[in-house]
$ cat run-v7.txt   # compact mmCIF, C-alpha atoms and all ligand atoms
# COMPACT_ATOMS: atom_id res chain seq x y z
CA MET A 31 14.72 8.32 3.27
CA LYS A 32 15.92 4.80 3.96
CA VAL A 33 13.16 2.27 3.37
CA ALA A 34 12.83 -1.48 3.77
CA LEU A 35 10.09 -3.46 2.03
CA VAL A 36 9.20 -6.68 3.80
CA GLN A 37 7.93 -8.90 0.99
CA LEU A 38 6.34 -11.51 3.22
CA ALA A 39 4.69 -14.83 2.33
CA SER A 40 1.49 -16.04 4.04
CA PRO A 41 1.54 -19.84 3.62
CA PRO A 42 -1.88 -21.35 4.46
CA ASP A 43 -0.43 -23.86 6.95
CA GLU A 44 1.08 -21.13 9.15
CA THR A 45 -1.04 -19.53 11.90
CA ALA A 46 -1.44 -15.76 12.07
CA ALA A 47 0.27 -15.80 15.49
CA ASP A 48 3.29 -17.66 14.09
CA ARG A 49 3.35 -15.31 11.12
CA ARG A 50 3.47 -12.28 13.40
CA VAL A 51 6.55 -13.75 15.08
CA ARG A 52 8.22 -14.45 11.73
CA ALA A 53 7.27 -11.02 10.39
CA GLY A 54 8.85 -9.49 13.49
CA GLN A 55 12.14 -11.23 12.71
CA LEU A 56 12.11 -9.88 9.14
CA VAL A 57 11.24 -6.40 10.40
CA GLU A 58 14.14 -6.61 12.88
CA SER A 59 16.47 -7.44 9.99
CA ALA A 60 15.48 -4.08 8.48
CA ARG A 61 17.10 -2.15 11.35
CA GLY A 62 18.55 1.12 10.07
CA ALA A 63 15.57 1.85 7.82
CA GLU A 64 13.45 4.92 8.61
CA LEU A 65 10.33 3.39 7.06
CA VAL A 66 9.53 -0.33 7.03
CA VAL A 67 6.53 -1.51 4.98
CA LEU A 68 4.63 -4.82 4.95
CA PRO A 69 2.08 -6.22 2.42
CA GLU A 70 -1.73 -6.34 2.40
CA LEU A 71 -3.59 -8.62 4.89
CA TRP A 72 -0.45 -10.65 5.58
CA ALA A 73 -1.54 -11.88 9.04
CA ALA A 74 -4.82 -13.47 7.92
CA GLY A 75 -3.49 -14.17 4.40
CA TYR A 76 -5.36 -12.24 1.69
CA PHE A 77 -6.74 -15.36 -0.02
CA SER A 78 -7.81 -17.05 3.26
CA PHE A 79 -11.28 -15.54 2.95
CA ASP A 80 -12.90 -18.03 5.36
CA ALA A 81 -10.49 -16.85 8.06
CA TYR A 82 -11.42 -13.16 7.84
CA PRO A 83 -14.10 -13.22 10.59
CA ASP A 84 -11.85 -15.13 13.02
CA GLU A 85 -8.71 -13.12 12.28
CA ALA A 86 -10.49 -9.73 12.32
CA GLU A 87 -9.19 -7.43 15.03
CA THR A 88 -9.55 -3.90 16.33
CA LEU A 89 -6.78 -1.33 16.22
CA ASP A 90 -5.92 -2.54 19.77
CA GLY A 91 -5.49 -6.10 18.49
CA PRO A 92 -2.39 -8.31 18.18
CA THR A 93 -1.14 -7.06 14.79
CA VAL A 94 -1.14 -3.38 15.76
CA ALA A 95 0.28 -4.26 19.19
CA ALA A 96 3.16 -6.12 17.51
CA GLY A 97 3.67 -3.22 15.09
CA ARG A 98 3.87 -0.70 17.92
CA GLU A 99 6.68 -2.73 19.48
CA TRP A 100 8.51 -3.01 16.15
CA ALA A 101 8.25 0.74 15.54
CA ARG A 102 9.50 1.59 19.03
CA GLY A 103 12.26 -1.04 18.89
CA LEU A 104 13.58 0.21 15.54
CA GLY A 105 12.86 3.89 16.17
CA ALA A 106 11.30 3.88 12.68
CA TYR A 107 7.97 4.37 10.96
CA VAL A 108 6.33 0.99 10.38
CA HIS A 109 3.62 0.75 7.74
CA LEU A 110 1.87 -2.42 8.82
CA GLY A 111 0.48 -3.13 5.38
CA SER A 112 -3.13 -3.89 6.16
CA LEU A 113 -5.21 -6.05 8.48
CA VAL A 114 -8.82 -7.23 8.68
CA GLU A 115 -10.31 -4.62 11.03
CA ARG A 116 -13.58 -5.13 12.88
CA ASP A 117 -15.41 -1.97 13.94
CA ALA A 118 -17.82 -1.54 16.86
CA ALA A 119 -20.77 -2.36 14.58
CA GLY A 120 -19.15 -5.65 13.55
CA ARG A 121 -18.30 -4.53 10.01
CA LEU A 122 -15.00 -5.74 8.52
CA PHE A 123 -12.57 -3.49 6.64
CA ASN A 124 -9.20 -3.89 4.90
CA THR A 125 -7.37 -1.28 6.97
CA ALA A 126 -3.86 0.02 6.41
CA VAL A 127 -2.02 1.36 9.47
CA LEU A 128 1.05 3.59 9.63
CA LEU A 129 2.82 3.66 13.01
CA ALA A 130 5.18 6.44 14.07
CA PRO A 131 8.57 5.67 15.72
CA ASP A 132 7.02 6.18 19.17
CA GLY A 133 4.44 3.47 18.41
CA THR A 134 1.48 5.84 18.00
CA ILE A 135 -0.81 5.55 14.97
CA ALA A 136 0.16 8.17 12.36
CA HIS A 137 -2.80 7.30 10.16
CA THR A 138 -5.18 4.58 9.10
CA TYR A 139 -6.84 3.99 5.74
CA ARG A 140 -9.76 1.67 4.95
CA LYS A 141 -9.35 0.31 1.41
CA VAL A 142 -11.86 2.04 -0.84
CA HIS A 143 -11.81 -0.32 -3.84
CA VAL A 144 -12.45 -3.76 -2.38
CA PHE A 145 -11.73 -6.47 -4.95
CA GLY A 146 -14.28 -8.88 -6.41
CA TYR A 147 -12.55 -10.53 -9.37
CA ALA A 148 -11.63 -14.12 -8.38
CA SER A 149 -11.75 -12.75 -4.83
CA ARG A 150 -14.34 -12.73 -1.97
CA GLU A 151 -13.00 -9.50 -0.53
CA ALA A 152 -15.84 -7.36 -1.97
CA GLU A 153 -18.43 -9.77 -0.53
CA LEU A 154 -16.90 -9.91 2.97
CA LEU A 155 -15.47 -6.46 3.57
CA THR A 156 -16.99 -2.98 3.70
CA PRO A 157 -15.31 -0.37 1.46
CA GLY A 158 -13.78 2.68 3.08
CA ASP A 159 -14.98 6.13 2.10
CA SER A 160 -12.16 8.53 2.86
CA LEU A 161 -8.61 9.34 1.82
CA SER A 162 -5.66 9.84 4.11
CA VAL A 163 -2.33 11.65 3.84
CA ALA A 164 -0.17 11.51 6.99
CA GLU A 165 2.11 14.44 7.79
CA THR A 166 5.28 12.71 8.98
CA GLU A 167 8.96 13.53 9.60
CA LEU A 168 9.51 11.74 6.27
CA GLY A 169 7.15 14.12 4.47
CA PRO A 170 3.49 13.70 3.48
CA ILE A 171 2.65 10.03 2.90
CA GLY A 172 -0.55 9.01 1.12
CA ALA A 173 -2.30 5.68 1.64
CA THR A 174 -3.70 3.27 -0.96
CA THR A 175 -4.09 -0.50 -1.02
CA CYS A 176 -3.57 -2.90 -3.96
CA TYR A 177 -6.61 -2.67 -6.32
CA ASP A 178 -6.68 1.13 -5.71
CA LEU A 179 -3.77 1.20 -8.19
CA ARG A 180 -6.33 0.90 -11.00
CA PHE A 181 -8.25 4.04 -9.95
CA PRO A 182 -6.28 7.17 -10.84
CA GLU A 183 -8.93 9.54 -9.42
CA LEU A 184 -8.18 8.24 -5.92
CA TRP A 185 -4.48 8.96 -6.49
CA ARG A 186 -5.20 12.46 -7.76
CA GLY A 187 -7.24 13.01 -4.59
CA LEU A 188 -4.14 12.11 -2.54
CA VAL A 189 -1.97 14.50 -4.56
CA ASP A 190 -4.57 17.26 -4.04
CA ARG A 191 -4.22 16.57 -0.30
CA GLY A 192 -0.44 17.04 -0.46
CA ALA A 193 0.95 13.52 -0.93
CA LYS A 194 4.51 13.28 -2.25
CA THR A 195 5.06 9.62 -1.37
CA VAL A 196 2.34 6.98 -1.73
CA VAL A 197 2.58 3.56 -0.10
CA VAL A 198 0.81 0.57 -1.71
CA PRO A 199 0.60 -2.65 0.31
CA ALA A 200 -0.69 -5.43 -1.94
CA ALA A 201 -1.54 -9.10 -2.46
CA TRP A 202 -1.24 -8.97 -6.25
CA PRO A 203 -1.30 -12.33 -8.05
CA ALA A 204 1.57 -13.42 -10.31
CA ALA A 205 -0.96 -13.90 -13.13
CA ARG A 206 -1.06 -10.09 -13.51
CA ARG A 207 2.55 -9.22 -12.67
CA GLU A 208 2.94 -6.97 -15.72
CA HIS A 209 -0.18 -4.98 -14.73
CA TRP A 210 1.46 -4.47 -11.32
CA ARG A 211 4.65 -3.19 -12.91
CA MET A 212 2.74 -1.00 -15.35
CA PHE A 213 0.37 0.58 -12.79
CA THR A 214 3.03 1.26 -10.16
CA SER A 215 5.19 2.98 -12.80
CA CYS A 216 2.23 4.76 -14.38
CA ARG A 217 0.88 6.20 -11.10
CA ALA A 218 4.38 7.43 -10.13
CA VAL A 219 4.82 9.31 -13.42
CA GLU A 220 1.22 10.50 -13.75
CA GLU A 221 0.91 11.76 -10.15
CA GLN A 222 4.57 12.82 -9.82
CA VAL A 223 5.03 10.95 -6.55
CA VAL A 224 7.39 8.31 -5.19
CA VAL A 225 5.52 5.00 -5.18
CA ILE A 226 6.52 2.45 -2.54
CA ALA A 227 4.68 -0.73 -3.52
CA VAL A 228 5.03 -3.80 -1.30
CA ASN A 229 3.53 -7.05 -2.48
CA ALA A 230 3.09 -10.44 -0.86
CA ALA A 231 5.19 -13.42 -1.98
CA GLY A 232 4.67 -17.17 -2.10
CA THR A 233 1.56 -19.28 -2.61
CA GLN A 234 -1.57 -18.63 -0.58
CA ARG A 235 -4.80 -20.54 0.07
CA GLY A 236 -6.45 -21.81 -3.10
CA GLY A 237 -3.02 -22.22 -4.71
CA VAL A 238 -2.85 -18.55 -5.69
CA GLU A 239 0.73 -17.53 -6.49
CA LEU A 240 1.58 -13.97 -5.53
CA ALA A 241 3.76 -11.81 -7.77
CA GLY A 242 6.27 -10.48 -5.25
CA THR A 243 8.10 -7.89 -7.39
CA SER A 244 7.78 -5.18 -4.71
CA ARG A 245 9.14 -1.98 -6.19
CA ILE A 246 9.96 1.65 -5.65
CA VAL A 247 9.41 4.02 -8.56
CA ASP A 248 10.30 7.72 -8.61
CA PRO A 249 8.25 10.45 -10.35
CA TRP A 250 10.45 10.28 -13.44
CA GLY A 251 9.59 6.60 -13.80
CA THR A 252 12.96 5.31 -12.68
CA VAL A 253 12.64 2.01 -10.87
CA LEU A 254 14.85 2.55 -7.81
CA ALA A 255 14.52 -1.04 -6.59
CA GLU A 256 12.61 -4.18 -7.47
CA ALA A 257 12.36 -7.47 -5.58
CA GLY A 258 12.24 -10.98 -7.02
CA GLY A 259 9.30 -13.35 -6.67
CA GLY A 260 10.13 -14.92 -3.28
CA GLU A 261 10.15 -13.75 0.31
CA GLU A 262 12.78 -11.04 0.88
CA VAL A 263 13.52 -7.72 2.54
CA LEU A 264 14.29 -5.10 -0.11
CA ARG A 265 16.19 -2.01 0.99
CA CYS A 266 16.49 1.29 -0.82
CA GLU A 267 17.51 4.89 -0.11
CA ILE A 268 15.27 7.50 -1.73
CA ASP A 269 16.24 11.12 -2.39
CA GLN A 270 12.83 12.70 -1.80
CA SER A 271 13.85 16.04 -3.33
CA ILE A 272 13.19 14.32 -6.69
CA VAL A 273 9.46 15.03 -6.26
CA ASP A 274 9.84 18.82 -6.05
CA THR A 275 12.51 18.77 -8.78
CA VAL A 276 10.36 16.85 -11.26
CA ARG A 277 7.21 18.86 -10.43
CA ALA A 278 9.12 22.13 -10.97
CA GLU A 279 10.91 21.11 -14.17
CA PHE A 280 7.98 19.31 -15.82
CA PRO A 281 4.87 20.99 -14.31
CA VAL A 282 2.18 18.56 -15.42
CA LEU A 283 0.17 19.00 -12.23
CA ALA A 284 0.27 22.79 -12.59
CA ASP A 285 -0.92 22.47 -16.20
CA ARG A 286 -4.21 20.78 -15.27
CA ARG A 287 -7.28 22.27 -16.97
CA TRP A 288 -9.98 20.04 -15.49
CA PRO A 289 -11.67 20.39 -13.04
CA VAL A 290 -9.94 23.79 -12.80
CA SER A 291 -11.95 25.00 -15.80
CA THR A 292 -14.66 22.51 -16.69
CA ALA A 293 -16.28 25.13 -18.92
CA ASP A 294 -13.59 24.42 -21.52
CA PHE A 295 -15.03 20.95 -21.98
CA THR A 296 -18.73 21.73 -22.44
CA GLY A 297 -18.60 22.27 -26.22
CA ALA A 298 -20.62 20.08 -28.59
CA GLY A 299 -17.51 18.32 -29.92
CA VAL A 300 -17.51 16.57 -33.26
O1 LIG B 401 -6.14 -5.48 -9.54
C1 LIG B 401 -5.58 -6.58 -9.49
O2 LIG B 401 -5.25 -7.19 -10.51
C2 LIG B 401 -5.25 -7.21 -8.18
C3 LIG B 401 -5.96 -6.56 -7.04
C4 LIG B 401 -5.85 -7.32 -5.79
O3 LIG B 401 -5.34 -8.43 -5.77
C5 LIG B 401 -6.31 -6.74 -4.54
O4 LIG B 401 -6.85 -5.62 -4.52
O5 LIG B 401 -6.12 -7.38 -3.49
$ encode --input "run-v7.txt" --output "structure tokens" --more "lines below"
Ligand SMILES: O=C(O)CCC(=O)C(=O)O
Amino acid sequence: MKVALVQLASPPDETAADRRVRAGQLVESARGAELVVLPELWAAGYFSFDAYPDEAETLDGPTVAAGREWARGLGAYVHLGSLVERDAAGRLFNTAVLLAPDGTIAHTYRKVHVFGYASREAELLTPGDSLSVAETELGPIGATTCYDLRFPELWRGLVDRGAKTVVVPAAWPAARREHWRMFTSCRAVEEQVVVIAVNAAGTQRGGVELAGTSRIVDPWGTVLAEAGGGEEVLRCEIDQSIVDTVRAEFPVLADRRWPVSTADFTGAGV
């Protein structure tokens, strides 16, 4: 699978409309990739919390409309990262969208673990309550977003639903870059999946510096590609057979004992 990670910046002095145009140019430069992935809430800018209500859109809004065109134009899957979605009841979500090469929506995922540390996301957005694995021509792709990296039970839920690749759009600050590296590697090894983690770059509202460092990690823990700190398009070709090979040779998932047999863990202990 040929992938391109669009590690986009969301400078506070750029409008969302201008950013969509610029993002489209970067996406176009990824021609030849079968899957193109963008970061979390890049149109509004993750740290532009005051802008969430104004930039919120439905799945018929300008960001998904642009993504449909990109997907059709490239003949590729486009994972739009995520956008501030407004539902019919007026609630706001951090929603990831995967578009198929014909421009149709392959799946959506509303971020479950909204973030509240030095962030107003948890105050402004409603958490999602379901997991999603899309069956695609590129294999089963599971959805997570940013902070979800710290919750392994969500990842195990994706693996139990068949995920072999997991995409992680993010707006992860540079202050915790080593956590980002550690969790993306850890989840890949622990869940025996390919992790495609695409972070934002640059400095956002409030002077928050993003880590960049988008990366692809295989289930053996090998880092197949890693970006620098600035805006860039990172390309990589992934041999997806690595997932079945690693799972067969080192059958950690098959060796699970809980919750397969919880009775084993009900003893009094020491
Ligand atoms: O967990 C972290 O350190 C960063 C999480 C985050 O920035 C997010 O979920 O948007």
$ residues_near_ligand --input "run-v7.txt" --ligand "ligand LIG 401 (chain B)" --cutoff "6 Å" --atoms "only C-alpha atoms and all ligand atoms" --output "PyMOL selection string"
chain A and resi 145+176-177+200-202+206
$ closest_residue --input "run-v7.txt" --among "A:Pro281, A:Gly259, A:Gly105, A:Pro203" --to "Gly242 (chain A)" --atoms "only C-alpha atoms"
A:Gly259
$ closest_residue --input "run-v7.txt" --among "A:Gln37, A:Leu68, A:Val144, A:Ala193" --to "Gly158 (chain A)" --atoms "all atoms listed in the file"
A:Val144
$ closest_residue --input "run-v7.txt" --among "A:Arg116, A:Arg102, A:Arg211, A:His109" --to "Asp132 (chain A)" --atoms "all atoms listed in the file"
A:Arg102
$ residues_around --input "run-v7.txt" --residues "Arg191 (chain A)" --least-positions-apart "6" --cutoff "12 Å" --atoms "all atoms listed in the file" --output "number ranges by chain"
A: 160-165, 170-173, 184-185
$ closest_residue --input "run-v7.txt" --among "A:Leu128, A:Val94, A:Leu179, A:Ala241" --to "Val142 (chain A)" --atoms "all atoms listed in the file"
A:Leu179
$ atom_distance --input "run-v7.txt" --atom1 "CA of Phe181 (chain A)" --atom2 "CA of His143 (chain A)"
8.3 Å
$ atom_distance --input "run-v7.txt" --atom1 "CA of Thr174 (chain A)" --atom2 "CA of Arg140 (chain A)"
8.6 Å
$ closest_residue --input "run-v7.txt" --among "A:Glu239, A:Glu99, A:Glu167, A:Glu267" --to "Gly133 (chain A)" --atoms "all atoms listed in the file"
A:Glu99
$ atom_distance --input "run-v7.txt" --atom1 "CA of Trp288 (chain A)" --atom2 "CA of Met212 (chain A)"
24.6 Å
$ residues_around --input "run-v7.txt" --residues "region 270-273 of chain A" --least-positions-apart "5" --cutoff "12 Å" --atoms "only C-alpha atoms" --output "count of residues only"
32
$ closest_residue --input "run-v7.txt" --among "A:Thr138, A:Tyr107, A:Leu155, A:Gly260" --to "Arg121 (chain A)" --atoms "only C-alpha atoms"
A:Leu155
$ residues_around --input "run-v7.txt" --residues "Val57 (chain A)" --least-positions-apart "6" --cutoff "12 Å" --atoms "only C-alpha atoms" --output "PDB file with C-alpha atoms, in the frame of the given file"
ATOM      1  CA  VAL A  33      13.160   2.270   3.370  1.00  0.00           C
ATOM      2  CA  ALA A  34      12.830  -1.480   3.770  1.00  0.00           C
ATOM      3  CA  LEU A  35      10.090  -3.460   2.030  1.00  0.00           C
ATOM      4  CA  VAL A  36       9.200  -6.680   3.800  1.00  0.00           C
ATOM      5  CA  GLN A  37       7.930  -8.900   0.990  1.00  0.00           C
ATOM      6  CA  LEU A  38       6.340 -11.510   3.220  1.00  0.00           C
ATOM      7  CA  ARG A  49       3.350 -15.310  11.120  1.00  0.00           C
ATOM      8  CA  ARG A  50       3.470 -12.280  13.400  1.00  0.00           C
ATOM      9  CA  VAL A  51       6.550 -13.750  15.080  1.00  0.00           C
ATOM     10  CA  ALA A  63      15.570   1.850   7.820  1.00  0.00           C
ATOM     11  CA  GLU A  64      13.450   4.920   8.610  1.00  0.00           C
ATOM     12  CA  LEU A  65      10.330   3.390   7.060  1.00  0.00           C
ATOM     13  CA  VAL A  66       9.530  -0.330   7.030  1.00  0.00           C
ATOM     14  CA  VAL A  67       6.530  -1.510   4.980  1.00  0.00           C
ATOM     15  CA  LEU A  68       4.630  -4.820   4.950  1.00  0.00           C
ATOM     16  CA  ALA A  96       3.160  -6.120  17.510  1.00  0.00           C
ATOM     17  CA  GLY A  97       3.670  -3.220  15.090  1.00  0.00           C
ATOM     18  CA  ARG A  98       3.870  -0.700  17.920  1.00  0.00           C
ATOM     19  CA  GLU A  99       6.680  -2.730  19.480  1.00  0.00           C
ATOM     20  CA  TRP A 100       8.510  -3.010  16.150  1.00  0.00           C
ATOM     21  CA  ALA A 101       8.250   0.740  15.540  1.00  0.00           C
ATOM     22  CA  ARG A 102       9.500   1.590  19.030  1.00  0.00           C
ATOM     23  CA  GLY A 103      12.260  -1.040  18.890  1.00  0.00           C
ATOM     24  CA  LEU A 104      13.580   0.210  15.540  1.00  0.00           C
ATOM     25  CA  GLY A 105      12.860   3.890  16.170  1.00  0.00           C
ATOM     26  CA  ALA A 106      11.300   3.880  12.680  1.00  0.00           C
ATOM     27  CA  TYR A 107       7.970   4.370  10.960  1.00  0.00           C
ATOM     28  CA  VAL A 108       6.330   0.990  10.380  1.00  0.00           C
ATOM     29  CA  HIS A 109       3.620   0.750   7.740  1.00  0.00           C
ATOM     30  CA  LEU A 110       1.870  -2.420   8.820  1.00  0.00           C
ATOM     31  CA  GLU A 262      12.780 -11.040   0.880  1.00  0.00           C
ATOM     32  CA  VAL A 263      13.520  -7.720   2.540  1.00  0.00           C
ATOM     33  CA  LEU A 264      14.290  -5.100  -0.110  1.00  0.00           C
ATOM     34  CA  ARG A 265      16.190  -2.010   0.990  1.00  0.00           C
TER      35      ARG A 265
END
